[in-house]
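The structure file model26.txt is reproduced below (compact mmCIF, C-alpha atoms).
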# COMPACT_ATOMS: atom_id res chain seq x y z
CA MET A 36 58.92 26.95 47.10
CA PHE A 37 55.69 25.19 48.06
CA VAL A 38 53.48 27.90 46.53
CA VAL A 39 55.40 27.77 43.25
CA LEU A 40 55.01 23.99 43.22
CA VAL A 41 51.22 24.26 43.66
CA LEU A 42 51.00 26.87 40.87
CA GLY A 43 53.14 24.63 38.67
CA MET A 44 50.71 21.75 39.21
CA PHE A 45 47.93 23.88 37.73
CA SER A 46 50.02 24.65 34.64
CA GLY A 47 49.21 21.30 33.07
CA ALA A 48 52.88 20.28 32.76
CA PRO A 49 53.79 16.69 33.77
CA VAL A 50 54.01 16.42 37.56
CA ALA A 51 57.50 14.90 37.55
CA VAL A 52 58.80 17.72 35.33
CA VAL A 53 57.24 20.37 37.62
CA LEU A 54 58.83 18.76 40.70
CA MET A 55 62.27 18.61 39.07
CA GLY A 56 61.99 22.13 37.65
CA VAL A 57 61.02 23.68 40.99
CA SER A 58 63.82 21.74 42.71
CA LEU A 59 66.41 23.02 40.22
CA ILE A 60 65.21 26.65 40.27
CA PHE A 61 65.12 26.90 44.06
CA GLY A 62 68.34 24.91 44.41
CA LEU A 63 70.16 27.46 42.22
CA LEU A 64 68.45 30.33 44.05
CA ALA A 65 69.56 28.89 47.41
CA ILE A 66 73.15 28.65 46.12
CA ALA A 67 73.02 32.28 44.96
CA LEU A 68 71.76 33.34 48.42
CA GLY A 69 74.36 31.25 50.24
CA GLU A 70 71.80 28.84 51.73
CA MET A 71 73.26 25.86 49.86
CA ARG A 72 76.57 24.92 48.30
CA LEU A 73 76.98 23.71 44.72
CA VAL A 74 78.13 20.32 45.98
CA HIS A 75 74.69 19.78 47.53
CA LEU A 76 73.05 19.72 44.08
CA SER A 77 75.50 17.05 42.99
CA LEU A 78 74.25 14.85 45.84
CA ILE A 79 70.70 14.69 44.44
CA PRO A 80 71.43 11.83 41.94
CA SER A 81 72.97 9.69 44.67
CA ARG A 82 70.00 10.47 46.97
CA VAL A 83 67.60 9.42 44.19
CA TYR A 84 69.55 6.24 43.49
CA SER A 85 69.98 5.14 47.08
CA GLY A 86 66.50 6.23 48.21
CA THR A 87 64.53 4.90 45.23
CA MET A 88 66.42 2.61 42.87
CA GLU A 89 68.21 0.60 45.57
CA ASN A 90 65.22 0.48 47.92
CA ALA A 91 64.22 -3.13 48.53
CA VAL A 92 60.76 -2.15 49.79
CA LEU A 93 59.86 -0.45 46.50
CA ILE A 94 60.49 -3.70 44.61
CA ALA A 95 57.01 -4.66 45.82
CA ALA A 96 55.45 -1.94 43.63
CA PRO A 97 56.26 -3.43 40.19
CA MET A 98 55.34 -6.91 41.42
CA PHE A 99 51.91 -5.85 42.71
CA ILE A 100 51.25 -3.86 39.53
CA LEU A 101 52.14 -6.86 37.35
CA MET A 102 49.98 -9.14 39.50
CA GLY A 103 46.94 -6.91 39.00
CA VAL A 104 47.45 -6.60 35.24
CA LEU A 105 47.81 -10.39 34.94
CA LEU A 106 44.46 -10.84 36.72
CA GLU A 107 42.87 -8.48 34.23
CA LYS A 108 44.47 -9.92 31.10
CA THR A 109 43.77 -13.57 31.98
CA ARG A 110 40.11 -12.67 32.78
CA VAL A 111 40.23 -14.25 36.25
CA ALA A 112 38.52 -11.13 37.61
CA GLU A 113 35.87 -11.21 34.88
CA ASP A 114 34.92 -14.79 35.80
CA LEU A 115 34.49 -13.74 39.44
CA LEU A 116 32.18 -10.81 38.65
CA ILE A 117 29.94 -12.88 36.37
CA THR A 118 29.58 -15.55 39.06
CA LEU A 119 28.83 -13.00 41.81
CA GLN A 120 26.16 -11.40 39.60
CA ARG A 121 24.46 -14.76 39.16
CA LEU A 122 24.61 -15.60 42.87
CA LEU A 123 23.20 -12.22 44.03
CA ARG A 124 20.58 -11.64 41.33
CA ARG A 125 17.60 -11.96 43.77
CA VAL A 126 19.12 -9.82 46.57
CA PRO A 127 18.11 -6.10 46.78
CA GLY A 128 20.73 -4.22 44.76
CA GLY A 129 22.30 -7.56 43.85
CA LEU A 130 24.33 -6.28 40.89
CA ALA A 131 25.64 -3.33 42.92
CA LEU A 132 26.56 -5.69 45.77
CA ALA A 133 28.35 -7.97 43.30
CA VAL A 134 30.37 -4.98 42.05
CA THR A 135 31.29 -3.95 45.63
CA LEU A 136 32.33 -7.49 46.60
CA MET A 137 34.28 -7.75 43.35
CA GLY A 138 36.04 -4.45 44.11
CA THR A 139 36.91 -5.67 47.61
CA ILE A 140 38.39 -8.93 46.32
CA LEU A 141 40.26 -7.11 43.55
CA ALA A 142 41.61 -4.65 46.12
CA ALA A 143 42.91 -7.54 48.25
CA ALA A 144 44.52 -9.07 45.18
CA THR A 145 46.04 -5.92 43.67
CA GLY A 146 46.29 -2.19 44.40
CA ILE A 147 45.76 -0.80 40.88
CA ILE A 148 42.87 1.67 40.75
CA GLY A 149 42.61 2.56 37.07
CA ALA A 150 42.56 -1.05 35.89
CA SER A 151 39.93 -2.03 38.49
CA ILE A 152 37.54 0.79 37.57
CA VAL A 153 37.88 0.25 33.81
CA MET A 154 37.37 -3.49 34.29
CA LEU A 155 34.31 -3.07 36.52
CA THR A 156 32.83 -0.43 34.20
CA SER A 157 33.19 -2.46 31.02
CA MET A 158 31.88 -5.67 32.63
CA ALA A 159 29.13 -4.41 34.97
CA LEU A 160 27.84 -1.01 33.81
CA PRO A 161 26.05 -2.09 30.59
CA THR A 162 24.28 -4.90 32.49
CA MET A 163 23.26 -2.61 35.36
CA ILE A 164 21.77 0.01 33.03
CA GLN A 165 20.12 -2.63 30.85
CA ARG A 166 18.38 -4.04 33.95
CA GLY A 167 17.00 -0.68 35.02
CA TYR A 168 19.52 0.44 37.65
CA ASP A 169 19.69 4.14 38.48
CA LYS A 170 22.68 5.59 36.63
CA GLY A 171 23.88 7.53 39.68
CA LEU A 172 23.82 4.45 41.90
CA ALA A 173 25.60 2.40 39.24
CA ALA A 174 28.29 5.06 38.75
CA GLY A 175 28.86 5.61 42.48
CA THR A 176 29.06 1.89 43.19
CA ILE A 177 31.62 1.21 40.48
CA ALA A 178 33.77 4.25 41.29
CA SER A 179 33.83 3.57 45.05
CA ALA A 180 34.40 -0.19 44.72
CA GLY A 181 37.21 0.38 42.24
CA THR A 182 39.07 2.68 44.65
CA LEU A 183 39.11 0.24 47.58
CA GLY A 184 42.55 -0.89 46.38
CA ILE A 185 43.96 2.38 47.74
CA LEU A 186 43.28 1.22 51.31
CA ILE A 187 43.03 -2.57 51.36
CA PRO A 188 46.49 -4.17 51.17
CA PRO A 189 48.50 -4.84 49.08
CA SER A 190 47.97 -1.18 48.16
CA ILE A 191 50.59 0.56 46.00
CA MET A 192 49.94 3.73 48.02
CA LEU A 193 50.82 1.93 51.26
CA VAL A 194 54.07 0.69 49.68
CA PHE A 195 55.09 4.26 48.91
CA MET A 196 53.90 5.53 52.30
CA GLY A 197 55.92 2.91 54.16
CA ASN A 198 59.01 4.00 52.25
CA LEU A 199 58.42 7.75 52.65
CA LEU A 200 57.77 7.51 56.39
CA SER A 201 60.46 4.86 56.99
CA ILE A 202 58.04 2.59 58.87
CA SER A 203 57.31 -1.15 58.72
CA LEU A 204 55.35 -1.98 55.57
CA ALA A 205 54.04 -5.23 57.07
CA ARG A 206 52.66 -3.35 60.10
CA LEU A 207 51.12 -0.72 57.81
CA PHE A 208 49.46 -3.42 55.68
CA VAL A 209 47.94 -5.10 58.74
CA ALA A 210 46.78 -1.74 60.17
CA ALA A 211 44.93 -0.96 56.92
CA LEU A 212 43.08 -4.28 56.78
CA VAL A 213 40.22 -3.61 59.26
CA PRO A 214 39.53 0.01 58.09
CA GLY A 215 39.50 -1.20 54.48
CA LEU A 216 37.04 -4.02 55.14
CA MET A 217 34.97 -1.66 57.33
CA LEU A 218 34.66 0.80 54.44
CA SER A 219 33.59 -2.01 52.11
CA ALA A 220 30.98 -3.08 54.69
CA LEU A 221 29.68 0.52 54.87
CA TYR A 222 29.25 0.53 51.07
CA ILE A 223 27.34 -2.77 51.22
CA LEU A 224 25.11 -1.56 54.07
CA TYR A 225 24.33 1.66 52.21
CA ILE A 226 23.42 -0.20 49.00
CA VAL A 227 21.17 -2.71 50.82
CA VAL A 228 19.37 -0.03 52.86
CA ARG A 229 18.89 2.38 49.95
CA THR A 230 17.72 -0.25 47.45
CA THR A 231 15.34 -1.71 50.06
CA LEU A 232 13.82 1.74 50.73
CA GLN A 233 13.84 2.69 47.03
CA PRO A 234 13.40 -0.55 45.03
CA SER A 235 13.03 1.38 41.77
CA LEU A 236 16.75 2.29 41.92
CA ALA A 237 17.78 -1.37 41.54
CA PRO A 238 15.04 -3.68 40.21
CA ARG A 239 15.39 -7.29 41.34
CA GLN A 240 16.12 -9.84 38.63
CA PRO A 241 14.10 -13.01 38.06
CA ALA A 242 15.56 -16.24 39.38
CA GLU A 243 17.55 -18.37 36.96
CA PRO A 244 15.85 -21.49 35.62
CA PRO A 245 16.61 -24.62 37.67
CA ALA A 246 18.90 -25.97 34.96
CA ALA A 247 21.22 -23.00 35.39
CA GLU A 248 21.33 -23.33 39.16
CA SER A 249 22.63 -26.85 39.26
CA PRO A 250 26.12 -28.29 39.23
CA GLY A 251 27.36 -25.92 36.49
CA LEU A 252 26.85 -22.82 38.65
CA PHE A 253 28.25 -24.56 41.73
CA ARG A 254 31.36 -25.68 39.85
CA GLU A 255 31.87 -22.25 38.29
CA THR A 256 31.40 -20.62 41.71
CA MET A 257 34.06 -22.85 43.23
CA VAL A 258 36.53 -22.16 40.41
CA SER A 259 35.86 -18.41 40.02
CA VAL A 260 35.82 -17.60 43.74
CA LEU A 261 38.55 -20.02 44.78
CA ALA A 262 41.08 -18.67 42.25
CA PRO A 263 41.22 -15.09 43.64
CA LEU A 264 41.08 -16.40 47.22
CA VAL A 265 44.18 -18.51 46.55
CA LEU A 266 45.90 -15.38 45.25
CA ILE A 267 44.87 -13.32 48.30
CA LEU A 268 45.99 -16.09 50.63
CA SER A 269 49.33 -16.34 48.87
CA VAL A 270 49.98 -12.61 49.38
CA LEU A 271 48.26 -11.50 52.59
CA GLY A 272 48.47 -14.93 54.23
CA THR A 273 52.25 -15.05 53.96
CA ILE A 274 52.56 -11.49 55.31
CA LEU A 275 50.12 -11.96 58.21
CA GLY A 276 51.63 -15.33 59.06
CA GLY A 277 55.12 -13.85 59.26
CA ILE A 278 56.30 -16.21 56.50
CA ALA A 279 57.32 -13.49 54.04
CA THR A 280 57.96 -9.76 53.94
CA PRO A 281 55.65 -7.66 51.70
CA THR A 282 58.43 -7.52 49.09
CA GLU A 283 58.77 -11.31 49.06
CA ALA A 284 54.99 -11.74 49.11
CA SER A 285 54.67 -9.57 46.00
CA GLY A 286 56.83 -12.07 44.10
CA ILE A 287 54.73 -14.94 45.45
CA GLY A 288 51.60 -13.09 44.25
CA VAL A 289 52.96 -12.75 40.70
CA ALA A 290 53.83 -16.46 40.66
CA ALA A 291 50.29 -17.29 41.85
CA ALA A 292 48.73 -15.02 39.19
CA LEU A 293 50.81 -16.69 36.47
CA LEU A 294 49.79 -20.12 37.76
CA LEU A 295 46.09 -19.18 37.80
CA GLY A 296 46.35 -17.90 34.22
CA LEU A 297 47.96 -21.15 33.15
CA LEU A 298 45.36 -23.31 34.90
CA ARG A 299 42.56 -21.35 33.19
CA GLY A 300 44.35 -21.83 29.84
CA ARG A 301 44.58 -18.10 29.14
CA LEU A 302 48.24 -17.27 29.73
CA THR A 303 49.50 -17.07 26.15
CA MET A 304 52.63 -15.24 25.00
CA PRO A 305 50.64 -12.28 23.57
CA VAL A 306 48.77 -11.95 26.89
CA LEU A 307 52.01 -12.08 28.88
CA ASN A 308 53.66 -9.57 26.56
CA SER A 309 50.69 -7.19 26.90
CA ALA A 310 50.72 -7.53 30.72
CA LEU A 311 54.46 -6.81 30.93
CA SER A 312 54.22 -3.78 28.60
CA SER A 313 51.29 -2.30 30.55
CA SER A 314 53.07 -2.84 33.87
CA VAL A 315 56.28 -1.18 32.70
CA LEU A 316 54.40 1.90 31.46
CA SER A 317 52.58 2.30 34.80
CA LEU A 318 55.77 1.76 36.75
CA ALA A 319 57.79 4.22 34.67
CA MET A 320 55.22 6.95 35.35
CA LEU A 321 55.22 6.28 39.10
CA PHE A 322 58.98 6.21 39.47
CA PHE A 323 59.48 9.28 37.29
CA ILE A 324 57.30 11.19 39.78
CA PHE A 325 59.17 9.54 42.65
CA VAL A 326 62.51 10.82 41.33
CA GLY A 327 61.10 14.36 41.07
CA ALA A 328 59.61 14.17 44.58
CA THR A 329 62.92 12.96 46.04
CA SER A 330 64.67 15.96 44.48
CA PHE A 331 62.02 18.35 45.77
CA SER A 332 62.14 16.97 49.32
CA TYR A 333 65.94 17.18 49.40
CA VAL A 334 66.07 20.85 48.35
CA PHE A 335 63.07 21.72 50.58
CA ARG A 336 64.89 20.36 53.63
CA LYS A 337 68.18 22.02 52.68
CA VAL A 338 66.60 25.48 52.57
CA GLY A 339 65.00 24.97 56.00
CA GLY A 340 61.48 24.05 54.89
CA GLU A 341 61.05 21.32 57.49
CA GLU A 342 62.02 23.55 60.42
CA PHE A 343 59.79 26.34 59.10
CA ILE A 344 56.75 24.03 58.86
CA LEU A 345 57.35 22.71 62.40
CA GLU A 346 57.70 26.18 63.90
CA LEU A 347 54.66 27.44 62.01
CA ALA A 348 52.53 24.45 63.08
CA HIS A 349 53.35 24.82 66.77
CA ALA A 350 52.88 28.60 66.65
CA LEU A 351 49.27 28.24 65.48
CA PRO A 352 46.79 28.59 68.38
CA MET A 353 44.82 25.40 67.70
CA GLY A 354 46.40 22.68 69.86
CA ASN A 355 47.41 19.18 68.81
CA TRP A 356 43.90 18.02 67.86
CA GLY A 357 43.45 21.19 65.83
CA LEU A 358 46.71 20.49 63.99
CA LEU A 359 45.65 16.92 63.20
CA ILE A 360 42.23 17.97 61.93
CA SER A 361 43.81 20.81 59.91
CA MET A 362 46.14 18.32 58.21
CA MET A 363 43.19 16.09 57.30
CA VAL A 364 41.20 19.04 55.96
CA MET A 365 44.19 20.20 53.90
CA ILE A 366 44.67 16.75 52.35
CA PHE A 367 40.94 16.49 51.63
CA ALA A 368 40.96 19.92 49.94
CA MET A 369 44.05 19.05 47.86
CA GLY A 370 42.28 15.89 46.72
CA PHE A 371 39.93 18.06 44.63
CA PHE A 372 42.84 19.17 42.46
CA PHE A 373 45.73 16.69 42.74
CA ASP A 374 46.36 12.96 42.37
CA TRP A 375 47.23 10.81 45.40
CA ILE A 376 50.81 10.36 44.16
CA GLU A 377 51.44 14.10 44.19
CA ILE A 378 49.77 14.64 47.57
CA THR A 379 51.57 11.68 49.16
CA LEU A 380 55.03 12.52 47.89
CA ILE A 381 54.74 16.24 48.66
CA MET A 382 52.71 16.42 51.87
CA LEU A 383 53.83 13.36 53.84
CA PRO A 384 57.48 14.44 54.23
CA ILE A 385 56.17 17.83 55.44
CA PHE A 386 53.61 16.38 57.87
CA ALA A 387 55.75 13.54 59.25
CA PRO A 388 57.85 15.72 61.63
CA ILE A 389 54.63 17.35 62.95
CA VAL A 390 53.02 13.97 63.58
CA LYS A 391 56.05 12.80 65.58
CA THR A 392 55.60 15.74 67.96
CA LEU A 393 51.82 15.45 68.42
CA ASP A 394 50.59 14.82 71.96
CA LEU A 395 46.95 13.66 72.09
CA GLY A 396 46.99 12.71 75.74
CA GLY A 397 46.01 9.09 76.30
CA HIS A 398 44.29 8.67 72.92
CA LEU A 399 47.01 6.29 71.73
CA PRO A 400 50.74 5.66 72.40
CA GLN A 401 53.21 7.94 70.62
CA GLU A 402 54.93 5.04 68.80
CA GLU A 403 51.61 4.12 67.13
CA MET A 404 50.84 7.70 66.07
CA ILE A 405 52.61 7.57 62.68
CA TYR A 406 50.81 4.36 61.62
CA TRP A 407 47.42 5.69 62.76
CA VAL A 408 47.89 8.98 60.89
CA ALA A 409 49.11 7.11 57.77
CA ILE A 410 45.90 5.05 57.71
CA MET A 411 43.77 8.18 58.13
CA VAL A 412 45.67 9.89 55.31
CA THR A 413 45.03 6.83 53.11
CA ILE A 414 41.27 6.89 53.81
CA ASN A 415 41.32 10.64 53.19
CA LEU A 416 43.17 10.26 49.90
CA GLN A 417 40.63 7.71 48.73
CA THR A 418 38.18 10.61 48.46
CA SER A 419 40.58 12.32 46.04
CA PHE A 420 39.62 9.72 43.43
CA LEU A 421 35.94 10.62 43.71
CA THR A 422 35.92 14.41 44.20
CA PRO A 423 35.50 16.70 41.18
CA PRO A 424 36.95 18.32 39.18
CA PHE A 425 40.05 16.08 39.00
CA GLY A 426 38.87 12.81 40.56
CA PHE A 427 40.74 10.22 38.53
CA ALA A 428 38.15 7.51 39.18
CA LEU A 429 35.54 9.77 37.56
CA PHE A 430 37.68 10.13 34.43
CA TYR A 431 38.35 6.39 34.25
CA LEU A 432 34.62 5.72 34.68
CA LYS A 433 33.52 8.28 32.07
CA GLY A 434 36.10 7.08 29.57
CA ALA A 435 35.22 3.41 29.96
CA SER A 436 31.45 4.00 29.95
CA GLY A 437 31.31 5.43 26.44
CA GLY A 438 27.99 7.24 26.12
CA LEU A 439 26.20 5.32 28.88
CA LEU A 440 26.89 7.91 31.60
CA ALA A 441 26.86 11.71 31.70
CA MET A 442 29.18 13.53 34.10
CA ARG A 443 26.17 14.73 36.11
CA ASP A 444 25.19 11.08 36.70
CA ILE A 445 28.70 10.34 37.95
CA TYR A 446 28.90 13.40 40.22
CA ARG A 447 25.44 12.67 41.64
CA GLY A 448 26.33 9.04 42.25
CA VAL A 449 29.65 9.50 44.07
CA VAL A 450 28.44 12.03 46.69
CA PRO A 451 26.99 9.42 49.13
CA PHE A 452 30.15 7.32 48.88
CA VAL A 453 32.40 10.32 49.58
CA LEU A 454 30.29 11.00 52.69
CA LEU A 455 30.73 7.34 53.73
CA GLN A 456 34.50 7.70 53.36
CA ILE A 457 34.49 10.83 55.53
CA PHE A 458 32.37 8.95 58.09
CA ALA A 459 34.90 6.07 58.06
CA LEU A 460 37.72 8.60 58.57
CA GLY A 461 35.86 9.99 61.58
CA LEU A 462 35.43 6.49 63.04
CA VAL A 463 39.15 5.70 62.73
CA MET A 464 40.05 9.10 64.22
CA THR A 465 37.69 8.54 67.17
CA PHE A 466 38.53 4.86 67.67
CA PRO A 467 42.23 4.31 66.77
CA GLU A 468 41.85 0.65 67.81
CA LEU A 469 40.14 0.07 64.46
CA ALA A 470 43.55 0.50 62.83
CA MET A 471 45.94 -0.50 65.61
CA TRP A 472 44.31 -3.48 67.37
CA LEU A 473 45.16 -6.05 64.69
CA PRO A 474 48.87 -5.14 64.23
CA ASN A 475 49.34 -4.82 67.99
CA ASN A 476 47.97 -8.34 68.59
CA LEU A 477 49.10 -10.09 65.44
CA LEU A 478 52.65 -8.79 64.99
CA GLU A 479 53.83 -8.66 68.59
The structure given in the file should be rewritten as structure tokens.
Amino acid sequence: MFVVLVLGMFSGAPVAVVLMGVSLIFGLLAIALGEMRLVHLSLIPSRVYSGTMENAVLIAAPMFILMGVLLEKTRVAEDLLITLQRLLRRVPGGLALAVTLMGTILAAATGIIGASIVMLTSMALPTMIQRGYDKGLAAGTIASAGTLGILIPPSIMLVFMGNLLSISLARLFVAALVPGLMLSALYILYIVVRTTLQPSLAPRQPAEPPAAESPGLFRETMVSVLAPLVLILSVLGTILGGIATPTEASGIGVAAALLLGLLRGRLTMPVLNSALSSSVLSLAMLFFIFVGATSFSYVFRKVGGEEFILELAHALPMGNWGLLISMMVMIFAMGFFFDWIEITLIMLPIFAPIVKTLDLGGHLPQEEMIYWVAIMVTINLQTSFLTPPFGFALFYLKGASGGLLAMRDIYRGVVPFVLLQIFALGLVMTFPELAMWLPNNLLE
């Protein structure tokens, strides 16, 4: 069943259709072989409805998506990037640093990857190339900064992971915070070191005339930086402070985004209509795949797939650490060919029972294992956006760049950032406190 699913993914058919088709074919085959009864197939719609449509946790997904689109449409994010570029113009790699900081703030305000990369590309890439930046460095910076929303909460991926693994979303959000900021810091450190050693990659810009540095820049800095910070505080602050659940905080975030758009005088009816339409299209695609994945998981369990995977995993002569590393390698390899949605919805239900039986000695308590592994999977899946041939961030970047970048520039530029992500994964694997210290001390 799993092999047929993987082959179906390569057929080019829509992922949701492949998932549903494989579920139906193997469901009927299982009935013919006496492994399932016909009544079991009739239970799939109720499983989909109760597990997806009635799930209160998943309400956070459309809210966070809408919040991110509103930030884009009301140009709050654009104001922030322009201000950061002006503030960092004399720092080595200043434009690249501005893009990374912008990506970090966008990630903490919304978890939408495609919109972030397209926005950063259209706003920053022409300026970076015009000012003599190396095309590879520019491409790698934009692609990596735009994908930080996968890890830094409120990430849409974390919302789905929390639901799939039946674990606390608030605890998962808090656990992802330090690794996400650490990865952003690694990007910044890499850019500063490389542009200091090779100044030709990122020529410094002349200082602005004194007239431009006075109260106008200060006022614009306060407005442009304060607006996203208010949004972040309204979402993450309420979750970390125990005031609201992630689902409630997502509604607060949308309200804050609407308010910011109004205060900037940019929230018109056409803008609101465009934001709602874009959000509904994104959400429909995600939930269509979710329905297919729910069907697949149900049939897979009914035909004994879960027990088979467990027995196979424990029969392999590699020990618990070997199993964990093998899972990470498998997810990394799948990231070359599949999107994070497909990998998450297919692999997590298979890996979850194995994770619950892992014994790593005194590395960390068993009850923290599932959260720790979820964070490592998230860091791992971030590489799937940057690895060819099907890295979605690369496609978004190429499409938004027009003729400014060739694919070889993009591939050359993302390699160092993929290596940084693997290094961050190794750090979290070696030092689980990076993920678990904050939730253990903040939420208990």
Calculated over only C-alpha atoms, which of the candidates A:Met196, A:Val52, A:Leu218, A:Val449 has the smallest distance to Ile378 of chain A?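 Among A:Met196, A:Val52, A:Leu218, A:Val449, it is A:Met196 that comes nearest to Ile378 of chain A.
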If you measure from atom CA of Pro161 of chain A to atom CA of Leu416 of chain A, what distance in Å do you get, rounded to one decimal?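 The value is 28.6 Å.
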For Leu454 of chain A, work out the shell of residues within 12 Å, counting only C-alpha atoms and skipping chain neighbours fewer than 6 positions away, then give it as an NGL selection string. :A and (175 or 179 or 218 or 221-222 or 225 or 414-415 or 417-418 or 421-422 or 448 or 460-461)
Kindly give the distance, in Å, that separates atom CA of Ile457 of chain A and atom CA of Leu186 of chain A, rounded to a single decimal.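 That distance, rounded to one decimal, is 13.7 Å.
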Taking all atoms listed in the file into account, which of A:Ala178, A:Ala95, A:Met102, A:Ala211 comes nearest Leu473 of chain A?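 Under the stated criterion, the closest residue is A:Ala211.
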For Ala174 of chain A, work out the shell of residues within 10 Å, counting all atoms listed in the file and skipping chain neighbours fewer than 2 positions away, then give it as a PDB file with C-alpha atoms, keeping the file's coordinate frame.
ATOM      1  CA  ALA A 131      25.640  -3.330  42.920  1.00  0.00           C
ATOM      2  CA  THR A 156      32.830  -0.430  34.200  1.00  0.00           C
ATOM      3  CA  LEU A 160      27.840  -1.010  33.810  1.00  0.00           C
ATOM      4  CA  MET A 163      23.260  -2.610  35.360  1.00  0.00           C
ATOM      5  CA  TYR A 168      19.520   0.440  37.650  1.00  0.00           C
ATOM      6  CA  ASP A 169      19.690   4.140  38.480  1.00  0.00           C
ATOM      7  CA  LYS A 170      22.680   5.590  36.630  1.00  0.00           C
ATOM      8  CA  GLY A 171      23.880   7.530  39.680  1.00  0.00           C
ATOM      9  CA  LEU A 172      23.820   4.450  41.900  1.00  0.00           C
ATOM     10  CA  THR A 176      29.060   1.890  43.190  1.00  0.00           C
ATOM     11  CA  ILE A 177      31.620   1.210  40.480  1.00  0.00           C
ATOM     12  CA  ALA A 178      33.770   4.250  41.290  1.00  0.00           C
ATOM     13  CA  SER A 179      33.830   3.570  45.050  1.00  0.00           C
ATOM     14  CA  LEU A 429      35.540   9.770  37.560  1.00  0.00           C
ATOM     15  CA  LEU A 432      34.620   5.720  34.680  1.00  0.00           C
ATOM     16  CA  LYS A 433      33.520   8.280  32.070  1.00  0.00           C
ATOM     17  CA  SER A 436      31.450   4.000  29.950  1.00  0.00           C
ATOM     18  CA  LEU A 440      26.890   7.910  31.600  1.00  0.00           C
ATOM     19  CA  ALA A 441      26.860  11.710  31.700  1.00  0.00           C
ATOM     20  CA  MET A 442      29.180  13.530  34.100  1.00  0.00           C
ATOM     21  CA  ASP A 444      25.190  11.080  36.700  1.00  0.00           C
ATOM     22  CA  ILE A 445      28.700  10.340  37.950  1.00  0.00           C
ATOM     23  CA  TYR A 446      28.900  13.400  40.220  1.00  0.00           C
ATOM     24  CA  ARG A 447      25.440  12.670  41.640  1.00  0.00           C
ATOM     25  CA  GLY A 448      26.330   9.040  42.250  1.00  0.00           C
ATOM     26  CA  VAL A 449      29.650   9.500  44.070  1.00  0.00           C
TER      27      VAL A 449
END
Hey, which of A:Phe325, A:Val258, A:Lys108, A:Leu193 ends up closest to Met304 of chain A? Count all atoms listed in the file.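 Of A:Phe325, A:Val258, A:Lys108, A:Leu193, the one nearest Met304 of chain A is A:Lys108, counting all atoms listed in the file.
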